[in-house]
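For reference, the structure discussed in these notes is given below.
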Amino acid sequence: MLFLHRITVENFGPFKGIQTIDFPPEPGVVLIYGENMRGKTTLLNAIRYAFYGYVRSRGDHEIDLAKIGNWEAAAEGVYGFRVVLEFDYKGTPYELTRQCRPRPGITTPVSSLEYAQDTLLRCGADVLGPEQRDRILAQVLPEKISRFFLFDGELLQQYEELLREESNMGRQIKESIERILGVPVLTNARADMRELYRDAQGQEGKAAQRDQRTREFGNHHQALIDERTCHESELLRLAGEREALYSRWKAIEDALKKSERLKALLSERDALQNDIIVIDQKVTEKRARIRDLMVEAWRWLLHPQVHDLIRAMEVRIEVLRAKETEFAVASEKLKATDAAIDSGSCDSCKRPLDPETLITFRTRADSLRALLKEKVPAEEFTALLHRLATLKEFLAPDHTAVLKELNLSLDDLRVERATKLDRIEEIQEQTRNIDESEIRKLSSDHERIGQEIAILDQGIQGETRIIQELTDSIRRVQNQLDRLGGADLAKERRRRETCEHLLNLFDQAVGEYRDRLRSKVEEDATSLFLRLTTESDYLKLKINENYGLTIIHKDGVAIPVRSAGAEHIVALSLMGALQRNAPLRGPIIMDSPFGRLDQGHTTRVVRSLPCMADQVLLLVYEAELEPRLARNELMAQLKGEYKLVRKSARHSVIQPYTE
């Protein structure tokens, strides 16, 4: 079992000078608090560097060692860095020192080629030789299983790939899981047994070639074996080529993931530029509309006066029309009155007019003649009608409100355009040194290599099928030889059969061992998951052949779509289950593991940390995990608290945590 006691860093990342963290000797949890950019991930990388001699970014890219040293120290002329890790392994104390220093004659190194690395491993007071050192380090924490001990929240997301049968990432994780569980001990033995079996098959064929009765079958047997060997070599070649291509494809995919933010910015910039084109078109259209309206705008200013004038004219016309009507009526009355006076009788009833009535009629006729002497101004009436028609044509609709709305809309468009231009400038500043053609090339290469991998997969499937057909043919020839063979052939046959039985035994053992491991991992992962999840309707986790875990509802139905938080909890459950079942035990060091979890799940995870490993080191920021919550949940299992304190943008200090 691996147990850490102390880590010392010198000029490593933001940690200027020599700084140390002492881990308590008792099992439990140690918390290291630090805000973003203060060095939490750097501490995780310091442990990785001590064991393996390299540093990786969150995107799993190896970082140039020239970029690891402390910037302030380098500005003062001090280059290089050092990490010292003190630990116990199987009860034996070790001190591992790995440092990076400028090569002789280099005063200002600028690349990793100008640095030299030194690695020293002490066992007690003794310094171990290089071969013994490397052998022990490979046993203490093998690099291929380090993902189960040193990880961050992003690495946990990869475990979702275990649910995908055809996932390359899932296949790699499965291999790592089986490695930590000890499966390679059996699979390697099975591989050795397969080679012995193949050798026995060859010896049997050669013995058959020496016997005249079986020579023909022996020659055919050997030809089939040679052909199978040829196809196996081709299969290995294809597999190796595929592995190399997949490594390139994965590196490009990682680069694309890293550039996704940049691609998003570039896409946003293009969209903003298109928006500005649309805005400019709208501005042009609205300005044209405003120009058209302004042609008639002077009429709108005169609208009140013209309206009043029209009203006055309409009143005068009505007066004239009334007079005209009055004159017509008076004229008709005068005619009737004169006719009555002349005839001496009423025109309506034909009765004679008495003297008094006749006087009244003559008085009325005089009045009507006096009225008719006032002529109706026909010329004024005609002129008024003409002027009224002209003014009504002049009186255009008042679009003042429309014009105001258009101007307000133009102001909004100007503000929107300026805002988008500002954002474009921000994006251009952020992407100033980006080669857009390189990003496009990455996408093209990613697609092309993916297609090449698919072609290789087809070739691998074809070779596998041919090898199986040849193996079946070899077995049929062996059956023929079994019937015809003599004593010498019988001896080789028994040897071959013994190897075949042993190979089948190993095959069966590997299958049974894997089944038992999966069953135990499923059981332990379920136990831990039920402690971590806040959802009471979940029944258990179900494991697949890739060690992927599916959540099962209490009604027996699998949960098809899981949230990011659920994936996180499932991954943590798997990590804890692997720790319980792995022959190799060690500390779990987690960087920002609660980023996707709500308070309820965070509380449950913190409470369960001591069950996941004897030694747990958490690198978190306070908003992610409140110190009070951690203390209340861990209680006596909380063995230490540290804080990364900012001295400057390039300088952090490790201090014991104090409120």
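Simple scheme: letters A, B, ... for chains in structure tokens order, numbers from 1 for residues in each chain, numbers from 1 for ligands in the order shown.
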
Might you pull out every residue within 10 Å of segment 88-102 of chain A, with only C-alpha atoms counted and same-chain residues fewer than 5 positions away left off, and present them as a VMD selection string?
-> chain A and resid 1 to 10 12 46 49 to 53 65 to 66 68 to 69 78 to 83 107 to 127 133 136 to 137 139 to 141 585 to 586

List the spatial neighbours of Glu232 of chain A as a PDB file with C-alpha atoms, in the first residue's frame - criterion: any atom at most 9 Å away, only C-alpha atoms, same-chain residues fewer than 5 positions off excluded.
```
ATOM      1  CA  GLU A 227      -0.609 -18.777 -43.501  1.00  0.00           C
ATOM      2  CA  ARG A 237       0.550  -4.590 -38.130  1.00  0.00           C
ATOM      3  CA  GLU A 463      -7.978 -10.629 -40.752  1.00  0.00           C
ATOM      4  CA  THR A 464      -9.626 -11.855 -37.557  1.00  0.00           C
ATOM      5  CA  ILE A 467      -7.455 -16.315 -38.763  1.00  0.00           C
TER       6      ILE A 467
END
```

Residue nearest Ser331 of chain A - candidates A:Tyr513, A:Glu393, A:Lys373, A:Asn407, atoms counted: only C-alpha atoms | A:Lys373

Just the residues within 9 Å of Phe506 of chain A, please, counting only C-alpha atoms, with nothing from its chain fewer than 6 positions along; format it as a list in words.
-> Leu186, Thr187, Ala189, Arg190 and Met193 of chain A

Looking only at the backbone, which of the residues in segment 507-595 of chain A does DSSP tag as alpha helix (DSSP H), as number ranges by chain?
-> A: 507-532, 564-581

Generate the output file for the selected residues, N, CA and C atoms, as a CSV table (one decimal), in the first residue's frame.
```csv
chain,number,residue,atom,x,y,z
A,507,ASP,N,-8.5,-19.7,-20.3
A,507,ASP,CA,-9.6,-18.9,-20.9
A,507,ASP,C,-10.8,-18.9,-19.9
A,508,GLN,N,-11.1,-20.1,-19.4
A,508,GLN,CA,-12.2,-20.2,-18.4
A,508,GLN,C,-11.9,-19.4,-17.2
A,509,ALA,N,-10.7,-19.5,-16.7
A,509,ALA,CA,-10.3,-18.8,-15.5
A,509,ALA,C,-10.4,-17.3,-15.6
A,510,VAL,N,-9.9,-16.8,-16.8
A,510,VAL,CA,-10.0,-15.3,-17.0
A,510,VAL,C,-11.5,-14.9,-17.1
A,511,GLY,N,-12.3,-15.6,-17.8
A,511,GLY,CA,-13.7,-15.3,-17.8
A,511,GLY,C,-14.4,-15.3,-16.5
A,512,GLU,N,-14.1,-16.3,-15.7
A,512,GLU,CA,-14.7,-16.4,-14.4
A,512,GLU,C,-14.2,-15.3,-13.4
A,513,TYR,N,-12.9,-15.1,-13.5
A,513,TYR,CA,-12.3,-14.0,-12.7
A,513,TYR,C,-12.9,-12.7,-13.0
A,514,ARG,N,-13.0,-12.4,-14.3
A,514,ARG,CA,-13.7,-11.1,-14.8
A,514,ARG,C,-15.1,-11.0,-14.3
A,515,ASP,N,-15.8,-12.1,-14.4
A,515,ASP,CA,-17.2,-12.1,-13.9
A,515,ASP,C,-17.3,-11.8,-12.4
A,516,ARG,N,-16.4,-12.5,-11.7
A,516,ARG,CA,-16.4,-12.3,-10.2
A,516,ARG,C,-16.1,-10.8,-9.9
A,517,LEU,N,-15.0,-10.3,-10.6
A,517,LEU,CA,-14.6,-8.9,-10.4
A,517,LEU,C,-15.7,-7.9,-10.7
A,518,ARG,N,-16.4,-8.1,-11.8
A,518,ARG,CA,-17.5,-7.2,-12.2
A,518,ARG,C,-18.6,-7.3,-11.2
A,519,SER,N,-18.9,-8.5,-10.7
A,519,SER,CA,-19.9,-8.7,-9.7
A,519,SER,C,-19.6,-7.9,-8.4
A,520,LYS,N,-18.3,-8.1,-8.0
A,520,LYS,CA,-17.9,-7.4,-6.8
A,520,LYS,C,-17.8,-5.9,-6.9
A,521,VAL,N,-17.4,-5.5,-8.1
A,521,VAL,CA,-17.3,-4.0,-8.4
A,521,VAL,C,-18.7,-3.5,-8.4
A,522,GLU,N,-19.7,-4.2,-9.0
A,522,GLU,CA,-21.1,-3.7,-9.1
A,522,GLU,C,-21.6,-3.6,-7.7
A,523,GLU,N,-21.4,-4.6,-6.9
A,523,GLU,CA,-21.9,-4.6,-5.5
A,523,GLU,C,-21.4,-3.5,-4.7
A,524,ASP,N,-20.0,-3.3,-4.8
A,524,ASP,CA,-19.4,-2.2,-4.0
A,524,ASP,C,-19.8,-0.8,-4.5
A,525,ALA,N,-19.9,-0.7,-5.9
A,525,ALA,CA,-20.2,0.6,-6.5
A,525,ALA,C,-21.7,0.9,-6.1
A,526,THR,N,-22.6,-0.1,-6.1
A,526,THR,CA,-23.9,0.2,-5.7
A,526,THR,C,-24.0,0.6,-4.3
A,527,SER,N,-23.3,0.0,-3.4
A,527,SER,CA,-23.3,0.3,-2.0
A,527,SER,C,-22.9,1.8,-1.8
A,528,LEU,N,-21.8,2.2,-2.5
A,528,LEU,CA,-21.3,3.5,-2.4
A,528,LEU,C,-22.3,4.5,-3.1
A,529,PHE,N,-22.8,4.1,-4.2
A,529,PHE,CA,-23.7,5.0,-4.9
A,529,PHE,C,-25.0,5.4,-4.1
A,530,LEU,N,-25.5,4.4,-3.4
A,530,LEU,CA,-26.7,4.6,-2.6
A,530,LEU,C,-26.4,5.5,-1.4
A,531,ARG,N,-25.1,5.5,-1.0
A,531,ARG,CA,-24.7,6.5,0.1
A,531,ARG,C,-24.6,7.9,-0.5
A,532,LEU,N,-24.2,8.0,-1.8
A,532,LEU,CA,-23.9,9.3,-2.4
A,532,LEU,C,-25.1,10.0,-2.9
A,564,ALA,N,-25.4,15.5,-15.7
A,564,ALA,CA,-23.9,15.6,-15.5
A,564,ALA,C,-23.6,15.3,-14.1
A,565,GLY,N,-24.5,15.7,-13.1
A,565,GLY,CA,-24.2,15.4,-11.7
A,565,GLY,C,-24.4,13.9,-11.4
A,566,ALA,N,-25.3,13.2,-12.1
A,566,ALA,CA,-25.5,11.8,-11.9
A,566,ALA,C,-24.3,11.1,-12.4
A,567,GLU,N,-23.8,11.5,-13.6
A,567,GLU,CA,-22.6,10.9,-14.1
A,567,GLU,C,-21.4,11.0,-13.2
A,568,HIS,N,-21.3,12.1,-12.5
A,568,HIS,CA,-20.2,12.4,-11.6
A,568,HIS,C,-20.3,11.4,-10.4
A,569,ILE,N,-21.5,11.3,-9.9
A,569,ILE,CA,-21.7,10.4,-8.7
A,569,ILE,C,-21.4,8.9,-9.1
A,570,VAL,N,-21.9,8.5,-10.3
A,570,VAL,CA,-21.6,7.2,-10.8
A,570,VAL,C,-20.1,6.9,-10.9
A,571,ALA,N,-19.4,7.9,-11.5
A,571,ALA,CA,-17.9,7.8,-11.6
A,571,ALA,C,-17.2,7.7,-10.3
A,572,LEU,N,-17.7,8.5,-9.3
A,572,LEU,CA,-17.0,8.4,-8.0
A,572,LEU,C,-17.3,7.1,-7.3
A,573,SER,N,-18.5,6.5,-7.6
A,573,SER,CA,-18.9,5.2,-7.0
A,573,SER,C,-18.0,4.2,-7.6
A,574,LEU,N,-17.7,4.2,-8.9
A,574,LEU,CA,-16.8,3.3,-9.6
A,574,LEU,C,-15.4,3.4,-9.0
A,575,MET,N,-14.9,4.6,-8.8
A,575,MET,CA,-13.6,4.8,-8.3
A,575,MET,C,-13.5,4.2,-6.9
A,576,GLY,N,-14.4,4.4,-6.1
A,576,GLY,CA,-14.4,3.8,-4.8
A,576,GLY,C,-14.4,2.3,-4.8
A,577,ALA,N,-15.3,1.8,-5.7
A,577,ALA,CA,-15.4,0.3,-5.8
A,577,ALA,C,-14.1,-0.3,-6.3
A,578,LEU,N,-13.4,0.4,-7.2
A,578,LEU,CA,-12.1,-0.1,-7.7
A,578,LEU,C,-11.1,-0.1,-6.6
A,579,GLN,N,-11.1,1.0,-5.8
A,579,GLN,CA,-10.1,1.0,-4.7
A,579,GLN,C,-10.3,-0.1,-3.8
A,580,ARG,N,-11.6,-0.5,-3.5
A,580,ARG,CA,-11.8,-1.6,-2.6
A,580,ARG,C,-11.4,-3.0,-3.1
A,581,ASN,N,-11.4,-3.1,-4.4
A,581,ASN,CA,-11.1,-4.4,-5.0
A,581,ASN,C,-9.7,-4.5,-5.7
```

Identify, with DSSP run on backbone atoms, the residues in segment 84-332 of chain A assigned to strand (DSSP E or B), and express the list as a ChimeraX atom specification.
-> /A:84-89,92-102,115-123,126-127,150-152

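With distances restricted to only C-alpha atoms, A:Ser176 is the closest residue to Glu143 of chain A from A:Ser176, A:Ser444, A:Gln222, A:Ser608.
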
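Comparing A:Tyr538, A:Phe23, A:Phe381, A:Tyr246 by their smallest distance to Glu447 of chain A, the closest is A:Tyr246 (using only C-alpha atoms).
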
Nearest to Lys392 of chain A among A:Leu43, A:Arg194, A:His307, A:Ile252, with distances taken over only C-alpha atoms: which residue is it?
->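 With only C-alpha atoms as the atom set, the closest residue is A:His307.
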
What is the atom CA of Lys263 of chain A to atom CA of Ser437 of chain A distance in Å?
->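 Computing the Euclidean distance for atom CA of Lys263 of chain A and atom CA of Ser437 of chain A yields 11.3 Å.
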
What lies within 10 Å of Ser443 of chain A using only C-alpha atoms, ignoring chain neighbours under 5 positions off, as a PyMOL selection string?
-> chain A and resi 252-253+255-256+437-438+448

What would the file look like if the residues just selected were written as a PDB file, in the first residue's frame with N, CA and C atoms?
```
ATOM      1  N   ILE A 252      -5.654  15.002 -31.889  1.00  0.00           N
ATOM      2  CA  ILE A 252      -6.365  16.030 -32.662  1.00  0.00           C
ATOM      3  C   ILE A 252      -7.705  16.337 -32.005  1.00  0.00           C
ATOM      4  N   GLU A 253      -8.392  15.278 -31.541  1.00  0.00           N
ATOM      5  CA  GLU A 253      -9.680  15.481 -30.874  1.00  0.00           C
ATOM      6  C   GLU A 253      -9.501  16.337 -29.632  1.00  0.00           C
ATOM      7  N   ALA A 255      -7.116  18.478 -29.162  1.00  0.00           N
ATOM      8  CA  ALA A 255      -6.826  19.833 -29.630  1.00  0.00           C
ATOM      9  C   ALA A 255      -8.102  20.531 -30.085  1.00  0.00           C
ATOM     10  N   LEU A 256      -8.985  19.766 -30.733  1.00  0.00           N
ATOM     11  CA  LEU A 256     -10.258  20.344 -31.173  1.00  0.00           C
ATOM     12  C   LEU A 256     -11.112  20.733 -29.974  1.00  0.00           C
ATOM     13  N   SER A 437      -6.962  28.800 -40.232  1.00  0.00           N
ATOM     14  CA  SER A 437      -6.758  27.707 -41.185  1.00  0.00           C
ATOM     15  C   SER A 437      -6.272  26.451 -40.471  1.00  0.00           C
ATOM     16  N   GLU A 438      -5.523  26.631 -39.379  1.00  0.00           N
ATOM     17  CA  GLU A 438      -5.035  25.472 -38.625  1.00  0.00           C
ATOM     18  C   GLU A 438      -6.194  24.754 -37.941  1.00  0.00           C
ATOM     19  N   ARG A 448     -10.548  12.851 -41.573  1.00  0.00           N
ATOM     20  CA  ARG A 448      -9.803  11.943 -42.462  1.00  0.00           C
ATOM     21  C   ARG A 448      -9.226  10.756 -41.696  1.00  0.00           C
TER      22      ARG A 448
END
```

Quick one, how far is atom CA of Ala401 of chain A from atom CA of Ala418 of chain A?
-> 25.8 Å

Determine, counting only C-alpha atoms, which protein, DNA and RNA residues have an atom within 8 Å of an atom of Leu413 of chain A; residues of the same chain fewer than 3 positions away are not included. Present the result as an NGL selection string.
-> :A and (279 or 283 or 409-410 or 416-417)
